[in-house]
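Asker: Sharing a structure with you now.
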Amino acid sequence: EPFYLDMAVTGNGKITYSSSNKKVASISEDGMVTIKGLGKATLTINVAATSEYTAKSRKIKINVVPVSIKGFKARSDSKGRLKISWKTQKTNNTICEIGISKYKDYRVRLLPKKGNYPSVSVGIINSKVKSGATYYVRIRAVTTVNGKKYYGKWTRTIRVKIK
C-alpha cells in the first residue's frame, strides 16, 4: 500500500522528494511513497530556502524485506516424524528457510543447518527426528535480488513433541 511522508514546514519553502533506488521505492511530488521491490533505499526530503528560513534536508533509510510466511504449522503426524506446512508464497524468486532445533534459542540446529525449500511447497516431512524428543520449528521467506539475499521475519516458534 502506498503511504505519504507528511512534511510540516514553517514558511513557504518548496518541498521536493527523491529516492536513491527507484526499483525499491518511488516517491511522488506530493510525498506519496510506493514500494516497488525488495532492497534498500534512502528517501530524501528537501525544503528550499526562503528569505526567512534556511534550506533543510532529511534522509529516511528504508529496507524492504520479504513478507512473513502465512499459515505455518508443525506437528508430529506419526511415530518419529515431523510434518511442516505453510501457505504458498506468491512472490517470485522466494524460497523458505526452515529452522529446527532441540533448543528454543536455536543455539544448535538439526542438520541440514539451513534448509531452503521452494515457496510452493506446502508439506515437508523430516524423518530424522527422534521419538519422544521435543523440537522447536520456525520458518521465514528468503528472496534474492541482484545476487543479494533479503530475509523476512521468522514466524512464531512452534514446540513439537514427536510421537
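Chain labels run A, B, ... following the order of the C-alpha cells; each chain numbers its residues from 1, and ligands are numbered from 1 in the order shown.
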Identify, on the basis of only C-alpha atoms, every residue whose closest approach to Gly31 (chain A) does not exceed 10 Å; exclude the query and any residue fewer than 6 positions from it along the same chain; express the result as a list in words.
Answerer: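 Those residues are Phe3, Tyr4, Leu5, Asp6, Met7, Ile15, Thr16, Tyr17, Ser18, Leu43 and Ile45 of chain A.
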Asker: Dump N, CA and C atoms for the selected residues as a compact mmCIF listing (two decimals), in the first residue's frame?
Answerer:
```txt
# COMPACT_ATOMS: atom_id res chain seq x y z
N PHE A 3 1.98 5.03 0.83
CA PHE A 3 1.79 5.87 2.02
C PHE A 3 2.44 7.23 1.78
N TYR A 4 2.04 8.21 2.59
CA TYR A 4 2.55 9.57 2.44
C TYR A 4 3.59 9.88 3.50
N LEU A 5 4.60 10.65 3.10
CA LEU A 5 5.52 11.26 4.05
C LEU A 5 5.00 12.67 4.27
N ASP A 6 4.43 12.90 5.42
CA ASP A 6 3.88 14.23 5.72
C ASP A 6 5.00 15.09 6.27
N MET A 7 5.29 16.15 5.56
CA MET A 7 6.35 17.06 5.97
C MET A 7 5.72 18.39 6.32
N ILE A 15 8.96 22.04 -1.14
CA ILE A 15 9.36 20.71 -0.68
C ILE A 15 9.54 19.81 -1.90
N THR A 16 10.68 19.11 -1.96
CA THR A 16 10.92 18.13 -3.02
C THR A 16 11.29 16.80 -2.38
N TYR A 17 10.96 15.73 -3.07
CA TYR A 17 11.21 14.37 -2.57
C TYR A 17 12.01 13.61 -3.61
N SER A 18 12.85 12.67 -3.16
CA SER A 18 13.58 11.81 -4.10
C SER A 18 13.89 10.47 -3.44
N LEU A 43 15.18 7.71 1.15
CA LEU A 43 14.23 8.73 0.71
C LEU A 43 14.73 10.07 1.25
N ILE A 45 14.08 14.23 1.65
CA ILE A 45 13.11 15.33 1.66
C ILE A 45 13.92 16.62 1.74
```
Asker: Write out as JSON, numbers by chain each polymer residue whose atoms come within 10 Å of Glu1 (chain A), counting only C-alpha atoms; drop sequence neighbours fewer than 4 positions from it.
Answerer: {"A": [33, 34, 35]}
Asker: Would you save the residues of that selection, restricted to all heavy atoms, as an mmCIF file, in the first residue's frame?
Answerer:
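See result33.cif below for the written result:
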```cif
data_model
loop_
_atom_site.group_PDB
_atom_site.id
_atom_site.type_symbol
_atom_site.label_atom_id
_atom_site.label_comp_id
_atom_site.auth_asym_id
_atom_site.auth_seq_id
_atom_site.Cartn_x
_atom_site.Cartn_y
_atom_site.Cartn_z
ATOM 1 N N VAL A 33 4.788 7.578 -1.168
ATOM 2 C CA VAL A 33 5.802 6.546 -1.371
ATOM 3 C C VAL A 33 5.122 5.272 -1.846
ATOM 4 O O VAL A 33 4.150 4.815 -1.246
ATOM 5 C CB VAL A 33 6.575 6.267 -0.060
ATOM 6 C CG1 VAL A 33 7.600 5.161 -0.257
ATOM 7 C CG2 VAL A 33 7.219 7.538 0.462
ATOM 8 N N THR A 34 5.666 4.682 -2.920
ATOM 9 C CA THR A 34 5.173 3.415 -3.438
ATOM 10 C C THR A 34 6.319 2.415 -3.421
ATOM 11 O O THR A 34 7.381 2.670 -3.995
ATOM 12 C CB THR A 34 4.637 3.574 -4.880
ATOM 13 O OG1 THR A 34 3.621 4.580 -4.875
ATOM 14 C CG2 THR A 34 4.063 2.273 -5.394
ATOM 15 N N ILE A 35 6.109 1.293 -2.741
ATOM 16 C CA ILE A 35 7.117 0.235 -2.693
ATOM 17 C C ILE A 35 7.083 -0.511 -4.020
ATOM 18 O O ILE A 35 6.035 -0.978 -4.461
ATOM 19 C CB ILE A 35 6.863 -0.721 -1.508
ATOM 20 C CG1 ILE A 35 6.850 0.053 -0.183
ATOM 21 C CG2 ILE A 35 7.889 -1.849 -1.491
ATOM 22 C CD1 ILE A 35 8.122 0.795 0.152
#
```
Asker: Skipping near chain neighbours, those fewer than 6 positions away, what residues fall within 10 Å of region 53-67 of chain A using only C-alpha atoms, listed as an NGL selection string?
Answerer: :A and (9-20 or 24-25 or 35-47 or 89-91 or 94 or 140-144 or 149-153)
Asker: Run DSSP on the backbone and grab whatever in region 26-98 of chain A lands in strand (DSSP E or B); send it over as a PyMOL selection string.
Answerer: chain A and resi 26-27+32-35+39-47+56-64+73-78+81-85+94-98
Asker: Identify, on the basis of only C-alpha atoms, every residue whose closest approach to Trp86 (chain A) does not exceed 7 Å; exclude the query and any residue fewer than 3 positions from it along the same chain; express the result as a list in words.
Answerer: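 My list of contacting residues is Lys70, Gly71, Phe72, Lys73 and Val122 of chain A.
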Asker: Go ahead and save the picked residues with C-alpha atoms, as a PDB file, in the first residue's frame.
Answerer:
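Below you can see result22.pdb, which holds the result:
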```
ATOM      1  CA  LYS A  70       1.402 -17.342   6.474  1.00  0.00           C
ATOM      2  CA  GLY A  71      -0.394 -20.475   7.660  1.00  0.00           C
ATOM      3  CA  PHE A  72       2.695 -22.067   9.236  1.00  0.00           C
ATOM      4  CA  LYS A  73       2.031 -25.357  11.076  1.00  0.00           C
ATOM      5  CA  VAL A 122       3.197 -26.949   1.473  1.00  0.00           C
TER       6      VAL A 122
END
```
Asker: With a distance cut-off of 10 Å and only C-alpha atoms, select the neighbouring residues of Lys79 (chain A), excluding the residue or stretch itself and same-chain residues fewer than 6 positions from it, and output the selection as a list in words.
Answerer: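 Returned residues: Ser127, Val129, Lys130, Ser131, Gly132, Ile162 and Lys163 of chain A.
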Asker: Find the residues around Arg156 (chain A) up to 9 Å (only C-alpha atoms counted), leave out those fewer than 6 positions away in its own chain, and share them as a ChimeraX atom specification.
Answerer: /A:72,137-139
Asker: Output N, CA, C and O atoms for every residue in the selection just made, as a compact mmCIF listing (two decimals), in the first residue's frame.
Answerer:
```txt
# COMPACT_ATOMS: atom_id res chain seq x y z
N PHE A 72 1.63 -21.14 8.83
CA PHE A 72 2.69 -22.07 9.24
C PHE A 72 2.20 -23.02 10.32
O PHE A 72 1.63 -22.59 11.31
N VAL A 137 10.42 -25.34 15.95
CA VAL A 137 10.40 -25.18 14.50
C VAL A 137 9.94 -23.77 14.15
O VAL A 137 9.02 -23.23 14.76
N ARG A 138 10.58 -23.17 13.15
CA ARG A 138 10.18 -21.86 12.63
C ARG A 138 10.55 -21.79 11.15
O ARG A 138 11.30 -22.63 10.65
N ILE A 139 10.03 -20.77 10.45
CA ILE A 139 10.25 -20.64 9.02
C ILE A 139 10.25 -19.15 8.65
O ILE A 139 9.62 -18.34 9.33
```
Asker: Restricting the calculation to only C-alpha atoms: of A:Lys102, A:Lys161, A:Arg107, A:Lys23, which residue gets closest to Gly80 (chain A)?
Answerer: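 Comparing A:Lys102, A:Lys161, A:Arg107, A:Lys23 against Gly80 (chain A), the winner is A:Lys161.
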Asker: What is the CA of Pro2 (chain A)-CA of Asp30 (chain A) distance in Å, reported with one decimal?
Answerer: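 These atoms are spaced 12.2 Å apart.
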Asker: Just how far from CA of Ile100 (chain A) is CA of Lys87 (chain A), in Å to one decimal?
Answerer: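 So the answer is 18.5 Å.
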